[in-house]
Amino acid sequence: MLQETTAATGANDAAAFQQMSFSHMIQNFDTVAWVVFLTLVLFSVLSVYWIVVNLIRNARLRRSSDRVVSTFWETNNAQDAIRYMEEQSRSEPFSKIALDAAEAAAHHQQQEGSRLAESLTRSEFVDRALRQAVTRESIKLESGQTLLATVGATSPFVGLLGTVWGIYHALIRIGATGNASIDAVAGPVGEALIMTAFGLFVAIPAVLAYNFFNKANRSLNSRFDTFAHDLHDFFATGSRVGVSRR
């Protein structure tokens, strides 16, 4: 008799734990659970997309930035340097900053004697163009950052909503059946735990990626500023300050 009772208890426990599987959770979703689950899936897909895009972009910029900047300064003829910058891809930021500075300097030179030249010196005109260019390229670096921050901040709470909803179902089942055994509540509680884990699974990579790209963007922004300062000196005075002319 004792063996039969033990066997029955073991069978009930095994059936209860089967109800805590992911497949069982999917099969017993209601509308709210589906909304929570699909929201987390969408967050995960968008997060992975922007992580991959930003990784590729940062790797490409790190490979090309030194080459572009050094080639610009090592080219003896300014026109050849500008022509080299024009040959760079549309997504290369350093060349676009240099071209904006060159265009501003050329435009101011063409307007000598006009009201533009009287109201703004060449240095001020080039400085304004460089500030706008650096701001524009810095904003481009922020692509996807807002989404990663949003996913990292909200995914745990979305998962928590699924958790609360699963516990609510467990309480309803207990109230309806009067049975608080594990086979009665395992399904809803398992659903709740899986939703919590899924929310954290989506949030943690997004937070880590946001912090990583934030640091990488600060480094690139610093390089933008340094390059812009050198460009300002070059186009405003005709030479790069701090570098001896050969």
# chains A, B, ... in the order shown; residues from 1 in each chain; ligands from 1
$ residues_around --residues "range 86-94 of chain A" --least-positions-apart "3" --cutoff "9 Å" --atoms "only C-alpha atoms" --output "list in words"
Arg57, Arg60, Leu61, Ser64, Ser65, Val68, Val69, Ala81, Ile82, Arg83, Ile97, Ala98, Leu99, Ala133, Val134, Glu137, Ser138, Phe224, Phe227 and Ala228 of chain A
$ write_last_selection --atoms "all heavy atoms" --output "compact mmCIF listing (two decimals), in the first residue's frame"
# COMPACT_ATOMS: atom_id res chain seq x y z
N ARG A 57 29.32 48.47 -37.29
CA ARG A 57 29.68 49.87 -37.53
C ARG A 57 30.90 50.29 -36.72
O ARG A 57 31.82 50.93 -37.26
CB ARG A 57 28.50 50.77 -37.17
CG ARG A 57 28.78 52.25 -37.40
CD ARG A 57 27.58 53.09 -37.02
NE ARG A 57 27.23 52.92 -35.62
CZ ARG A 57 26.09 53.34 -35.09
NH1 ARG A 57 25.19 53.93 -35.83
NH2 ARG A 57 25.84 53.16 -33.80
N ARG A 60 34.02 48.72 -38.19
CA ARG A 60 34.40 49.38 -39.44
C ARG A 60 35.03 50.75 -39.19
O ARG A 60 36.05 51.11 -39.81
CB ARG A 60 33.17 49.53 -40.34
CG ARG A 60 33.50 50.08 -41.72
CD ARG A 60 32.27 50.24 -42.57
NE ARG A 60 31.39 51.27 -42.04
CZ ARG A 60 30.19 51.04 -41.51
NH1 ARG A 60 29.73 49.81 -41.45
NH2 ARG A 60 29.45 52.03 -41.05
N LEU A 61 34.46 51.51 -38.26
CA LEU A 61 35.00 52.83 -37.96
C LEU A 61 36.39 52.74 -37.34
O LEU A 61 37.26 53.57 -37.62
CB LEU A 61 34.06 53.59 -37.03
CG LEU A 61 32.74 54.08 -37.64
CD1 LEU A 61 31.90 54.78 -36.60
CD2 LEU A 61 33.01 55.00 -38.82
N SER A 64 38.81 52.09 -40.18
CA SER A 64 38.97 53.12 -41.20
C SER A 64 39.40 54.48 -40.65
O SER A 64 40.03 55.26 -41.38
CB SER A 64 37.66 53.30 -41.96
OG SER A 64 36.64 53.82 -41.11
N SER A 65 39.11 54.77 -39.39
CA SER A 65 39.33 56.13 -38.89
C SER A 65 40.81 56.52 -38.91
O SER A 65 41.16 57.62 -39.37
CB SER A 65 38.78 56.26 -37.46
OG SER A 65 39.41 55.33 -36.59
N VAL A 68 41.90 57.09 -42.55
CA VAL A 68 41.36 58.30 -43.17
C VAL A 68 42.04 59.55 -42.61
O VAL A 68 42.46 60.43 -43.37
CB VAL A 68 39.83 58.37 -42.94
CG1 VAL A 68 39.28 59.72 -43.37
CG2 VAL A 68 39.14 57.25 -43.72
N VAL A 69 42.15 59.63 -41.29
CA VAL A 69 42.74 60.82 -40.67
C VAL A 69 44.21 60.96 -41.04
O VAL A 69 44.69 62.05 -41.41
CB VAL A 69 42.57 60.76 -39.14
CG1 VAL A 69 43.32 61.90 -38.47
CG2 VAL A 69 41.08 60.82 -38.78
N ALA A 81 43.92 65.91 -50.79
CA ALA A 81 43.37 65.42 -49.53
C ALA A 81 41.85 65.49 -49.55
O ALA A 81 41.16 64.55 -49.11
CB ALA A 81 43.92 66.23 -48.36
N ILE A 82 41.31 66.59 -50.05
CA ILE A 82 39.85 66.74 -50.13
C ILE A 82 39.26 65.73 -51.11
O ILE A 82 38.20 65.14 -50.86
CB ILE A 82 39.49 68.18 -50.54
CG1 ILE A 82 39.90 69.15 -49.42
CG2 ILE A 82 38.00 68.30 -50.84
CD1 ILE A 82 39.76 70.60 -49.79
N ARG A 83 39.97 65.51 -52.22
CA ARG A 83 39.50 64.53 -53.20
C ARG A 83 39.48 63.12 -52.59
O ARG A 83 38.55 62.34 -52.85
CB ARG A 83 40.41 64.56 -54.42
CG ARG A 83 39.86 63.80 -55.63
CD ARG A 83 40.75 63.95 -56.85
NE ARG A 83 40.88 65.36 -57.22
CZ ARG A 83 42.00 66.07 -57.10
NH1 ARG A 83 43.08 65.51 -56.60
NH2 ARG A 83 42.03 67.32 -57.46
N ILE A 97 33.24 65.23 -41.89
CA ILE A 97 33.60 66.40 -41.07
C ILE A 97 34.62 67.25 -41.81
O ILE A 97 34.52 68.49 -41.85
CB ILE A 97 34.14 65.93 -39.71
CG1 ILE A 97 33.03 65.25 -38.89
CG2 ILE A 97 34.71 67.11 -38.93
CD1 ILE A 97 33.51 64.62 -37.60
N ALA A 98 35.62 66.61 -42.40
CA ALA A 98 36.65 67.35 -43.14
C ALA A 98 36.06 68.06 -44.35
O ALA A 98 36.40 69.21 -44.64
CB ALA A 98 37.76 66.39 -43.57
N LEU A 99 35.15 67.40 -45.06
CA LEU A 99 34.54 68.01 -46.24
C LEU A 99 33.68 69.21 -45.87
O LEU A 99 33.67 70.22 -46.59
CB LEU A 99 33.71 66.97 -47.00
CG LEU A 99 34.50 65.88 -47.73
CD1 LEU A 99 33.57 64.83 -48.31
CD2 LEU A 99 35.36 66.49 -48.84
N ALA A 133 28.84 69.63 -38.01
CA ALA A 133 29.24 68.33 -38.55
C ALA A 133 29.49 67.32 -37.44
O ALA A 133 29.05 66.16 -37.53
CB ALA A 133 30.50 68.50 -39.41
N VAL A 134 30.18 67.75 -36.38
CA VAL A 134 30.46 66.84 -35.27
C VAL A 134 29.16 66.43 -34.58
O VAL A 134 28.97 65.25 -34.23
CB VAL A 134 31.42 67.51 -34.26
CG1 VAL A 134 31.49 66.71 -32.97
CG2 VAL A 134 32.81 67.65 -34.87
N GLU A 137 27.37 63.82 -36.85
CA GLU A 137 27.99 62.50 -36.81
C GLU A 137 27.84 61.85 -35.45
O GLU A 137 27.71 60.62 -35.35
CB GLU A 137 29.46 62.60 -37.20
CG GLU A 137 29.70 63.14 -38.61
CD GLU A 137 29.01 62.32 -39.68
OE1 GLU A 137 28.88 61.09 -39.50
OE2 GLU A 137 28.59 62.91 -40.70
N SER A 138 27.84 62.64 -34.39
CA SER A 138 27.64 62.09 -33.05
C SER A 138 26.24 61.53 -32.89
O SER A 138 26.05 60.47 -32.27
CB SER A 138 27.90 63.17 -31.98
OG SER A 138 29.23 63.61 -32.01
N PHE A 224 36.37 62.76 -32.75
CA PHE A 224 35.72 63.77 -33.60
C PHE A 224 36.17 65.18 -33.19
O PHE A 224 36.52 66.00 -34.04
CB PHE A 224 34.20 63.68 -33.49
CG PHE A 224 33.58 62.49 -34.18
CD1 PHE A 224 32.27 62.12 -33.90
CD2 PHE A 224 34.30 61.75 -35.10
CE1 PHE A 224 31.70 61.03 -34.53
CE2 PHE A 224 33.73 60.65 -35.74
CZ PHE A 224 32.43 60.30 -35.44
N PHE A 227 39.88 65.86 -34.06
CA PHE A 227 40.03 66.05 -35.51
C PHE A 227 39.44 67.39 -35.93
O PHE A 227 40.01 68.11 -36.76
CB PHE A 227 39.35 64.90 -36.24
CG PHE A 227 39.57 64.88 -37.73
CD1 PHE A 227 40.85 65.00 -38.26
CD2 PHE A 227 38.50 64.74 -38.60
CE1 PHE A 227 41.06 64.98 -39.64
CE2 PHE A 227 38.70 64.71 -39.96
CZ PHE A 227 39.97 64.84 -40.49
N ALA A 228 38.29 67.74 -35.34
CA ALA A 228 37.64 69.02 -35.69
C ALA A 228 38.51 70.20 -35.27
O ALA A 228 38.60 71.19 -36.01
CB ALA A 228 36.27 69.10 -35.03
$ select_by_dssp --residues "range 73-176 of chain A" --states "helix (DSSP H, G or I)" --output "VMD selection string"
chain A and resid 73 to 74 78 to 86 93 to 110 115 to 119 122 to 141 145 to 176
$ write_last_selection --atoms "C-alpha atoms" --output "PDB file, in the first residue's frame"
ATOM      1  CA  TRP A  73      47.275  64.941 -42.874  1.00  0.00           C
ATOM      2  CA  GLU A  74      49.972  63.110 -44.815  1.00  0.00           C
ATOM      3  CA  ALA A  78      45.056  70.105 -49.871  1.00  0.00           C
ATOM      4  CA  GLN A  79      43.034  69.467 -53.021  1.00  0.00           C
ATOM      5  CA  ASP A  80      44.259  65.870 -53.188  1.00  0.00           C
ATOM      6  CA  ALA A  81      43.365  65.417 -49.526  1.00  0.00           C
ATOM      7  CA  ILE A  82      39.846  66.738 -50.129  1.00  0.00           C
ATOM      8  CA  ARG A  83      39.498  64.529 -53.198  1.00  0.00           C
ATOM      9  CA  TYR A  84      40.488  61.526 -51.085  1.00  0.00           C
ATOM     10  CA  MET A  85      37.832  62.429 -48.537  1.00  0.00           C
ATOM     11  CA  GLU A  86      35.214  62.632 -51.289  1.00  0.00           C
ATOM     12  CA  PRO A  93      32.222  60.235 -40.431  1.00  0.00           C
ATOM     13  CA  PHE A  94      35.731  61.719 -40.394  1.00  0.00           C
ATOM     14  CA  SER A  95      35.724  62.402 -44.123  1.00  0.00           C
ATOM     15  CA  LYS A  96      32.329  64.123 -43.863  1.00  0.00           C
ATOM     16  CA  ILE A  97      33.598  66.397 -41.074  1.00  0.00           C
ATOM     17  CA  ALA A  98      36.651  67.349 -43.136  1.00  0.00           C
ATOM     18  CA  LEU A  99      34.540  68.013 -46.245  1.00  0.00           C
ATOM     19  CA  ASP A 100      32.181  70.273 -44.300  1.00  0.00           C
ATOM     20  CA  ALA A 101      35.143  72.270 -42.996  1.00  0.00           C
ATOM     21  CA  ALA A 102      36.669  72.564 -46.472  1.00  0.00           C
ATOM     22  CA  GLU A 103      33.334  73.605 -47.965  1.00  0.00           C
ATOM     23  CA  ALA A 104      32.831  76.243 -45.266  1.00  0.00           C
ATOM     24  CA  ALA A 105      36.326  77.670 -45.796  1.00  0.00           C
ATOM     25  CA  ALA A 106      35.860  77.775 -49.578  1.00  0.00           C
ATOM     26  CA  HIS A 107      32.435  79.377 -49.289  1.00  0.00           C
ATOM     27  CA  HIS A 108      33.725  82.088 -46.943  1.00  0.00           C
ATOM     28  CA  GLN A 109      36.617  82.796 -49.289  1.00  0.00           C
ATOM     29  CA  GLN A 110      34.211  83.211 -52.208  1.00  0.00           C
ATOM     30  CA  ARG A 115      28.057  90.964 -45.653  1.00  0.00           C
ATOM     31  CA  LEU A 116      28.750  87.321 -44.716  1.00  0.00           C
ATOM     32  CA  ALA A 117      32.496  87.918 -44.556  1.00  0.00           C
ATOM     33  CA  GLU A 118      31.944  91.104 -42.570  1.00  0.00           C
ATOM     34  CA  SER A 119      29.635  89.505 -39.998  1.00  0.00           C
ATOM     35  CA  ARG A 122      36.733  82.734 -41.540  1.00  0.00           C
ATOM     36  CA  SER A 123      37.587  81.125 -38.217  1.00  0.00           C
ATOM     37  CA  GLU A 124      34.062  81.591 -36.879  1.00  0.00           C
ATOM     38  CA  PHE A 125      32.451  80.355 -40.083  1.00  0.00           C
ATOM     39  CA  VAL A 126      34.594  77.191 -40.170  1.00  0.00           C
ATOM     40  CA  ASP A 127      34.055  76.635 -36.443  1.00  0.00           C
ATOM     41  CA  ARG A 128      30.282  76.770 -36.858  1.00  0.00           C
ATOM     42  CA  ALA A 129      30.402  74.290 -39.742  1.00  0.00           C
ATOM     43  CA  LEU A 130      32.593  71.922 -37.727  1.00  0.00           C
ATOM     44  CA  ARG A 131      30.293  72.066 -34.704  1.00  0.00           C
ATOM     45  CA  GLN A 132      27.318  71.163 -36.868  1.00  0.00           C
ATOM     46  CA  ALA A 133      29.244  68.332 -38.554  1.00  0.00           C
ATOM     47  CA  VAL A 134      30.459  66.845 -35.266  1.00  0.00           C
ATOM     48  CA  THR A 135      26.948  67.053 -33.792  1.00  0.00           C
ATOM     49  CA  ARG A 136      25.480  65.357 -36.859  1.00  0.00           C
ATOM     50  CA  GLU A 137      27.985  62.503 -36.815  1.00  0.00           C
ATOM     51  CA  SER A 138      27.640  62.094 -33.046  1.00  0.00           C
ATOM     52  CA  ILE A 139      23.872  61.744 -33.402  1.00  0.00           C
ATOM     53  CA  LYS A 140      24.391  59.016 -36.017  1.00  0.00           C
ATOM     54  CA  LEU A 141      26.451  57.072 -33.501  1.00  0.00           C
ATOM     55  CA  GLN A 145      21.011  53.322 -28.217  1.00  0.00           C
ATOM     56  CA  THR A 146      17.593  54.559 -27.115  1.00  0.00           C
ATOM     57  CA  LEU A 147      16.028  51.227 -28.013  1.00  0.00           C
ATOM     58  CA  LEU A 148      18.706  49.256 -26.139  1.00  0.00           C
ATOM     59  CA  ALA A 149      18.215  51.442 -23.078  1.00  0.00           C
ATOM     60  CA  THR A 150      14.432  51.016 -23.304  1.00  0.00           C
ATOM     61  CA  VAL A 151      14.683  47.236 -23.678  1.00  0.00           C
ATOM     62  CA  GLY A 152      17.129  46.978 -20.784  1.00  0.00           C
ATOM     63  CA  ALA A 153      14.930  49.090 -18.520  1.00  0.00           C
ATOM     64  CA  THR A 154      11.492  47.691 -19.366  1.00  0.00           C
ATOM     65  CA  SER A 155      11.993  43.993 -20.195  1.00  0.00           C
ATOM     66  CA  PRO A 156      12.246  42.882 -16.536  1.00  0.00           C
ATOM     67  CA  PHE A 157       8.969  44.657 -15.804  1.00  0.00           C
ATOM     68  CA  VAL A 158       7.279  43.115 -18.843  1.00  0.00           C
ATOM     69  CA  GLY A 159       8.454  39.717 -17.630  1.00  0.00           C
ATOM     70  CA  LEU A 160       7.237  40.614 -14.153  1.00  0.00           C
ATOM     71  CA  LEU A 161       3.794  41.272 -15.611  1.00  0.00           C
ATOM     72  CA  GLY A 162       3.825  37.706 -16.953  1.00  0.00           C
ATOM     73  CA  THR A 163       4.914  36.511 -13.528  1.00  0.00           C
ATOM     74  CA  VAL A 164       2.079  38.316 -11.759  1.00  0.00           C
ATOM     75  CA  TRP A 165      -0.399  37.008 -14.309  1.00  0.00           C
ATOM     76  CA  GLY A 166       0.807  33.421 -13.822  1.00  0.00           C
ATOM     77  CA  ILE A 167       0.542  33.665 -10.047  1.00  0.00           C
ATOM     78  CA  TYR A 168      -2.933  35.146 -10.443  1.00  0.00           C
ATOM     79  CA  HIS A 169      -3.932  32.067 -12.470  1.00  0.00           C
ATOM     80  CA  ALA A 170      -2.454  29.799  -9.802  1.00  0.00           C
ATOM     81  CA  LEU A 171      -4.528  31.512  -7.118  1.00  0.00           C
ATOM     82  CA  ILE A 172      -7.678  31.218  -9.232  1.00  0.00           C
ATOM     83  CA  ARG A 173      -7.036  27.483  -9.678  1.00  0.00           C
ATOM     84  CA  ILE A 174      -6.516  27.022  -5.954  1.00  0.00           C
ATOM     85  CA  GLY A 175      -9.722  28.930  -5.202  1.00  0.00           C
ATOM     86  CA  ALA A 176     -11.724  26.986  -7.796  1.00  0.00           C
TER      87      ALA A 176
END
$ closest_residue --among "A:Ala59, A:Val52, A:Ile194, A:Ala236" --to "Phe37 in chain A" --atoms "only C-alpha atoms"
A:Ile194
$ atom_distance --atom1 "CA of Arg218 in chain A" --atom2 "CA of Leu42 in chain A"
28.4 Å
$ closest_residue --among "A:Phe201, A:Lys215, A:Asp30, A:Ala206" --to "Ile51 in chain A" --atoms "only C-alpha atoms"
A:Ala206
$ atom_distance --atom1 "CA of Ala203 in chain A" --atom2 "CA of Ala216 in chain A"
20.0 Å
$ closest_residue --among "A:Phe43, A:Tyr49, A:Trp34, A:Phe235" --to "Ser143 in chain A" --atoms "only C-alpha atoms"
A:Tyr49
$ atom_distance --atom1 "CA of Ile204 in chain A" --atom2 "CA of Leu55 in chain A"
16.9 Å
